[in-house]
Structures are given as C-alpha cells and as structure tokens.
Amino acid sequence: MVSLTVNGVVREVDAEPDTPLLWVIREQLGLTGTKYGCGIAQCGACTVIVDGAATRSCSLPVSSFTPEQKIVTIEGLSPDASHPVQKAWLEIDVPQCGYCQTGQIMAAAALLQSNPNPTDDEIAAEMTNICRCGTYNRIKTAIKLAAGSNHG
Ligand code: FES
Ligand code: FES
C-alpha cells in the first residue's frame with residue numbers, strides 16, 4: 001500500500017512501488033482529468049502540482065512520493081473551477097481539441113504561484129508543455145489575464 005495526499009485527502013492505494021503516479025491518479029483514484037501523452041516527461045499532458053511545483057506524473061514512480069507531499073490534480077485546483085487560470089482559460093477560449101489543456105492549466109497555475117506576474121520570456125521558458133493544436137498564443141494571453149486577476 002502507498003499513502004498519498006491528493007487534493008487534500010489522504011488516499012491509500014494498492015499499487016506496485018514502480019507504478020507511475022499518473023496511473024495511480026487515473027486508475028486507482030479515478031481522477032481522469034490528468035492525461036497521458038508521451039509517457040516520457042516530454043509533452044506535459046500529465047502535469048500535476050506537487051508542493052507548488054508543476055510535476056510530470058507519467059515519469060515518477062508512486063514510491064517517490066510521501067503522504068506529506070501535497071499532490072493537486074485538475075480536479076482539486078479549485079472547488080468550483082474559479083481559479084484565476086481556469087477563469088482566464090474560459091474567457092480567452094484557449095482550448096482547441098482540449099487534450100493538452102489540463103497539463104497546460106496546471107503548469108500555468110504553478111507558474112503564477114511562484115511568479116505572479118511573469119514576462120513573455122518567463123512564460124515561454126516555463127510553459128514547455130506541448131500543444132498539438134498550437135494554442136500557444138492563447139495560452140500566453142490567458143496567463144497574462146490570470147496574472148492581472150491575481151493582482152486585482
Ligand atoms: S505524458 Fe507525461 S510528459 Fe507526456
Ligand atoms: S488543444 Fe489540442 S493538443 Fe492542445
């Protein structure tokens with residue numbers, strides 16, 4: 001058994017120690033908002049936030065997490081989808097097919113948590129998630145909007 005704190009709740013899961021966190025999130029916990037893309041820490045579709053940092057859950061074994069670490073998935077980002085990043089995503093209408101967007105939103109939320117007012121260059125440097133549909137410009141605009149919301 002592995003003990004994880006996901007979206008503020010301690011969960012006991014029956015998983016092999018080398019099982020990627022992503023599989024546990026999706027299959028054991030049923031939180032399917034987090035997506036599988038490449039499986040090799042390249043695309044960012046599987047991004048969750050762990051202790052405030054954007055983390056690619058496909059490439060870290062569940063045994064590398066402790067119950068003290070706070071894992072947040074898209075389902076736990078805000079109780080009513082009112083996180084500034086989620087609101088900005090809606091306002092700018094960022095998604096195209098949508099597949100990458102969970103990871104993009106989580107990466108953006110982590111970025112704004114550590115850097116509430118990022119420059120274009122900082123956004124480009126930190127937002128390394130891949131979008132096959134090419135929504136990068138709208139993502140940048142939405143991050144700027146969310147940053148403004150953060151500052152009132
Ligand atoms: S699925 Fe994890 S980075 Fe692509
Ligand atoms: S919206 Fe389609 S992959 Fe990003």
# chains A, B, ... in the order shown; residues from 1 in each chain; ligands from 1
$ residues_near_ligand --ligand "ligand 2" --cutoff "7 Å" --atoms "only C-alpha atoms and all ligand atoms" --output "JSON, numbers by chain"
{"A": [95, 96, 97, 98, 99, 100, 101, 131, 132, 133, 134, 135]}
$ write_last_selection --atoms "C-alpha atoms" --output "PDB file, in the first residue's frame"
ATOM      1  CA  PRO A  95      -8.594  25.001 -25.828  1.00  0.00           C
ATOM      2  CA  GLN A  96      -8.875  23.553 -29.266  1.00  0.00           C
ATOM      3  CA  CYS A  97      -9.110  19.742 -29.013  1.00  0.00           C
ATOM      4  CA  GLY A  98      -8.503  20.125 -25.287  1.00  0.00           C
ATOM      5  CA  TYR A  99      -6.282  17.116 -24.759  1.00  0.00           C
ATOM      6  CA  CYS A 100      -3.234  19.012 -23.538  1.00  0.00           C
ATOM      7  CA  GLN A 101      -5.156  21.619 -21.596  1.00  0.00           C
ATOM      8  CA  CYS A 131       0.024  21.506 -27.721  1.00  0.00           C
ATOM      9  CA  ARG A 132      -0.540  19.677 -30.969  1.00  0.00           C
ATOM     10  CA  CYS A 133      -3.245  22.181 -31.875  1.00  0.00           C
ATOM     11  CA  GLY A 134      -0.938  25.160 -31.461  1.00  0.00           C
ATOM     12  CA  THR A 135      -2.841  27.148 -28.837  1.00  0.00           C
TER      13      THR A 135
END
$ residues_around --residues "Ala108 in chain A" --least-positions-apart "5" --cutoff "10 Å" --atoms "only C-alpha atoms" --output "list in words"
Ala54, Val85, Gln86, Thr102, Gly103, Gln113, Ile123, Glu126, Met127, Asn129, Ile139, Lys140, Ala142, Ile143, Ala146 and Ala147 of chain A
$ select_by_dssp --residues "chain A" --states "strand (DSSP E or B)" --output "JSON, numbers by chain"
{"A": [2, 3, 4, 5, 6, 9, 10, 11, 12, 13, 20, 47, 48, 49, 50, 53, 54, 55, 56, 61, 70, 71, 72]}
$ residues_around --residues "Val10 in chain A" --least-positions-apart "3" --cutoff "12 Å" --atoms "only C-alpha atoms" --output "list of chain:residue names"
A:Val2, A:Ser3, A:Leu4, A:Thr5, A:Val6, A:Asn7, A:Val13, A:Leu29, A:Thr66, A:Pro67, A:Glu68, A:Gln69, A:Lys70, A:Ile71, A:Val72
$ atom_distance --atom1 "CA of Thr47 in chain A" --atom2 "CA of Ser59 in chain A"
10.3 Å
$ closest_residue --among "A:Ala88, A:Leu145, A:Leu31, A:Cys58" --to "Pro118 in chain A" --atoms "only C-alpha atoms"
A:Leu145
$ residues_near_ligand --ligand "ligand 1" --cutoff "9 Å" --atoms "only C-alpha atoms and all ligand atoms" --output "list in words"
Leu22, Lys35, Tyr36, Gly37, Cys38, Gly39, Ile40, Ala41, Gln42, Cys43, Gly44, Ala45, Cys46, Thr47, Thr55, Arg56, Ser57, Cys58, Ser59, Gly103, Asn129 and Ile130 of chain A
$ write_last_selection --atoms "all heavy atoms" --output "compact mmCIF listing (two decimals), in the first residue's frame"
# COMPACT_ATOMS: atom_id res chain seq x y z
N LEU A 22 1.00 8.86 -12.48
CA LEU A 22 -0.12 9.10 -13.39
C LEU A 22 -1.11 7.94 -13.40
O LEU A 22 -2.33 8.16 -13.39
CB LEU A 22 0.40 9.35 -14.81
CG LEU A 22 -0.66 9.52 -15.91
CD1 LEU A 22 -1.56 10.71 -15.62
CD2 LEU A 22 -0.01 9.65 -17.28
N LYS A 35 -4.01 13.71 -18.11
CA LYS A 35 -3.92 12.91 -19.33
C LYS A 35 -2.56 12.26 -19.53
O LYS A 35 -1.54 12.74 -19.04
CB LYS A 35 -4.23 13.79 -20.56
CG LYS A 35 -5.57 14.49 -20.51
CD LYS A 35 -6.72 13.51 -20.33
CE LYS A 35 -8.05 14.23 -20.40
NZ LYS A 35 -9.14 13.43 -19.83
N TYR A 36 -2.59 11.18 -20.31
CA TYR A 36 -1.38 10.52 -20.76
C TYR A 36 -1.09 10.97 -22.19
O TYR A 36 -1.97 10.88 -23.06
CB TYR A 36 -1.57 9.00 -20.75
CG TYR A 36 -0.44 8.25 -21.41
CD1 TYR A 36 0.77 8.08 -20.75
CD2 TYR A 36 -0.58 7.73 -22.68
CE1 TYR A 36 1.81 7.39 -21.36
CE2 TYR A 36 0.44 7.04 -23.29
CZ TYR A 36 1.65 6.88 -22.63
OH TYR A 36 2.68 6.21 -23.24
N GLY A 37 0.13 11.46 -22.40
CA GLY A 37 0.52 11.83 -23.76
C GLY A 37 1.69 10.99 -24.24
O GLY A 37 1.53 10.06 -25.00
N CYS A 38 2.87 11.34 -23.76
CA CYS A 38 4.09 10.69 -24.26
C CYS A 38 4.62 9.61 -23.32
O CYS A 38 5.27 8.67 -23.75
CB CYS A 38 5.16 11.74 -24.48
SG CYS A 38 5.68 12.55 -22.94
N GLY A 39 4.41 9.80 -22.03
CA GLY A 39 4.94 8.84 -21.05
C GLY A 39 6.41 8.99 -20.75
O GLY A 39 6.98 8.21 -19.98
N ILE A 40 7.05 9.99 -21.33
CA ILE A 40 8.49 10.16 -21.10
C ILE A 40 8.83 11.60 -20.70
O ILE A 40 9.90 12.11 -21.02
CB ILE A 40 9.32 9.75 -22.34
CG1 ILE A 40 8.81 10.47 -23.61
CG2 ILE A 40 9.28 8.24 -22.54
CD1 ILE A 40 9.72 10.29 -24.83
N ALA A 41 7.95 12.24 -19.97
CA ALA A 41 8.21 13.56 -19.39
C ALA A 41 8.49 14.65 -20.42
O ALA A 41 9.18 15.62 -20.12
CB ALA A 41 9.35 13.48 -18.37
N GLN A 42 7.95 14.49 -21.62
CA GLN A 42 8.22 15.47 -22.66
C GLN A 42 7.05 16.41 -22.94
O GLN A 42 7.24 17.59 -23.17
CB GLN A 42 8.61 14.76 -23.97
CG GLN A 42 9.92 14.00 -23.88
CD GLN A 42 11.10 14.91 -23.62
OE1 GLN A 42 11.36 15.84 -24.37
NE2 GLN A 42 11.82 14.66 -22.54
N CYS A 43 5.83 15.90 -22.97
CA CYS A 43 4.72 16.68 -23.51
C CYS A 43 3.97 17.50 -22.46
O CYS A 43 3.36 18.51 -22.79
CB CYS A 43 3.74 15.77 -24.23
SG CYS A 43 2.70 14.76 -23.14
N GLY A 44 3.98 17.05 -21.21
CA GLY A 44 3.31 17.80 -20.15
C GLY A 44 1.82 17.51 -19.99
O GLY A 44 1.18 18.11 -19.13
N ALA A 45 1.25 16.62 -20.77
CA ALA A 45 -0.18 16.31 -20.64
C ALA A 45 -0.53 15.80 -19.25
O ALA A 45 -1.66 15.95 -18.79
CB ALA A 45 -0.60 15.28 -21.69
N CYS A 46 0.45 15.21 -18.58
CA CYS A 46 0.21 14.56 -17.28
C CYS A 46 0.55 15.45 -16.10
O CYS A 46 0.65 14.97 -14.97
CB CYS A 46 1.08 13.30 -17.20
SG CYS A 46 2.84 13.73 -17.22
N THR A 47 0.70 16.75 -16.34
CA THR A 47 1.19 17.65 -15.29
C THR A 47 0.21 17.78 -14.12
O THR A 47 -0.97 18.06 -14.31
CB THR A 47 1.47 19.05 -15.87
OG1 THR A 47 2.41 18.92 -16.93
CG2 THR A 47 2.01 20.00 -14.81
N THR A 55 4.64 19.15 -12.05
CA THR A 55 5.32 17.85 -11.99
C THR A 55 4.72 16.91 -13.01
O THR A 55 3.49 16.77 -13.09
CB THR A 55 5.15 17.26 -10.57
OG1 THR A 55 5.71 18.19 -9.62
CG2 THR A 55 5.86 15.92 -10.43
N ARG A 56 5.55 16.29 -13.82
CA ARG A 56 5.06 15.37 -14.87
C ARG A 56 4.89 13.98 -14.27
O ARG A 56 5.85 13.26 -14.01
CB ARG A 56 6.02 15.43 -16.06
CG ARG A 56 5.97 16.82 -16.65
CD ARG A 56 6.72 17.08 -17.90
NE ARG A 56 6.38 18.45 -18.32
CZ ARG A 56 6.80 19.03 -19.43
NH1 ARG A 56 7.57 18.38 -20.26
NH2 ARG A 56 6.43 20.26 -19.71
N SER A 57 3.64 13.65 -14.05
CA SER A 57 3.32 12.48 -13.23
C SER A 57 3.55 11.16 -13.95
O SER A 57 3.52 10.10 -13.33
CB SER A 57 1.87 12.56 -12.75
OG SER A 57 0.97 12.57 -13.84
N CYS A 58 3.80 11.20 -15.28
CA CYS A 58 4.00 9.93 -16.00
C CYS A 58 5.34 9.30 -15.71
O CYS A 58 5.52 8.11 -15.97
CB CYS A 58 3.88 10.16 -17.51
SG CYS A 58 5.22 11.18 -18.19
N SER A 59 6.27 10.08 -15.22
CA SER A 59 7.64 9.59 -15.17
C SER A 59 8.21 9.50 -13.76
O SER A 59 9.42 9.36 -13.60
CB SER A 59 8.54 10.50 -16.02
OG SER A 59 8.10 10.46 -17.35
N GLY A 103 -2.89 19.74 -18.50
CA GLY A 103 -1.48 19.95 -18.17
C GLY A 103 -1.09 21.40 -18.31
O GLY A 103 -0.32 21.93 -17.49
N ASN A 129 4.99 22.76 -22.01
CA ASN A 129 4.02 21.73 -22.42
C ASN A 129 3.75 21.84 -23.92
O ASN A 129 3.66 22.95 -24.45
CB ASN A 129 2.69 21.92 -21.68
CG ASN A 129 2.81 21.67 -20.20
OD1 ASN A 129 3.88 21.86 -19.61
ND2 ASN A 129 1.74 21.25 -19.58
N ILE A 130 3.57 20.71 -24.54
CA ILE A 130 3.32 20.67 -25.98
C ILE A 130 1.81 20.69 -26.25
O ILE A 130 1.04 20.01 -25.57
CB ILE A 130 3.96 19.41 -26.60
CG1 ILE A 130 5.48 19.52 -26.51
CG2 ILE A 130 3.51 19.23 -28.05
CD1 ILE A 130 6.20 18.24 -26.84
$ closest_residue --among "A:Ile105, A:Trp23, A:Arg11, A:Asp18" --to "Ala81 in chain A" --atoms "only C-alpha atoms"
A:Ile105
$ select_by_dssp --residues "range 7-148 of chain A" --states "helix (DSSP H, G or I)" --output "ChimeraX atom specification"
/A:21-28,57-59,62-64,74-76,84-92,101-114,120-126,136-148
$ closest_residue --among "A:Asp121, A:Glu27, A:Leu77, A:Asn137" --to "Gly52 in chain A" --atoms "only C-alpha atoms"
A:Leu77
$ closest_residue --among "A:Ile74, A:Ala125, A:Leu90, A:Leu60" --to "Met106 in chain A" --atoms "only C-alpha atoms"
A:Ile74
$ atom_distance --atom1 "CA of Val50 in chain A" --atom2 "CA of Ser64 in chain A"
11.7 Å
$ atom_distance --atom1 "CA of Gly30 in chain A" --atom2 "CA of Trp89 in chain A"
24.1 Å
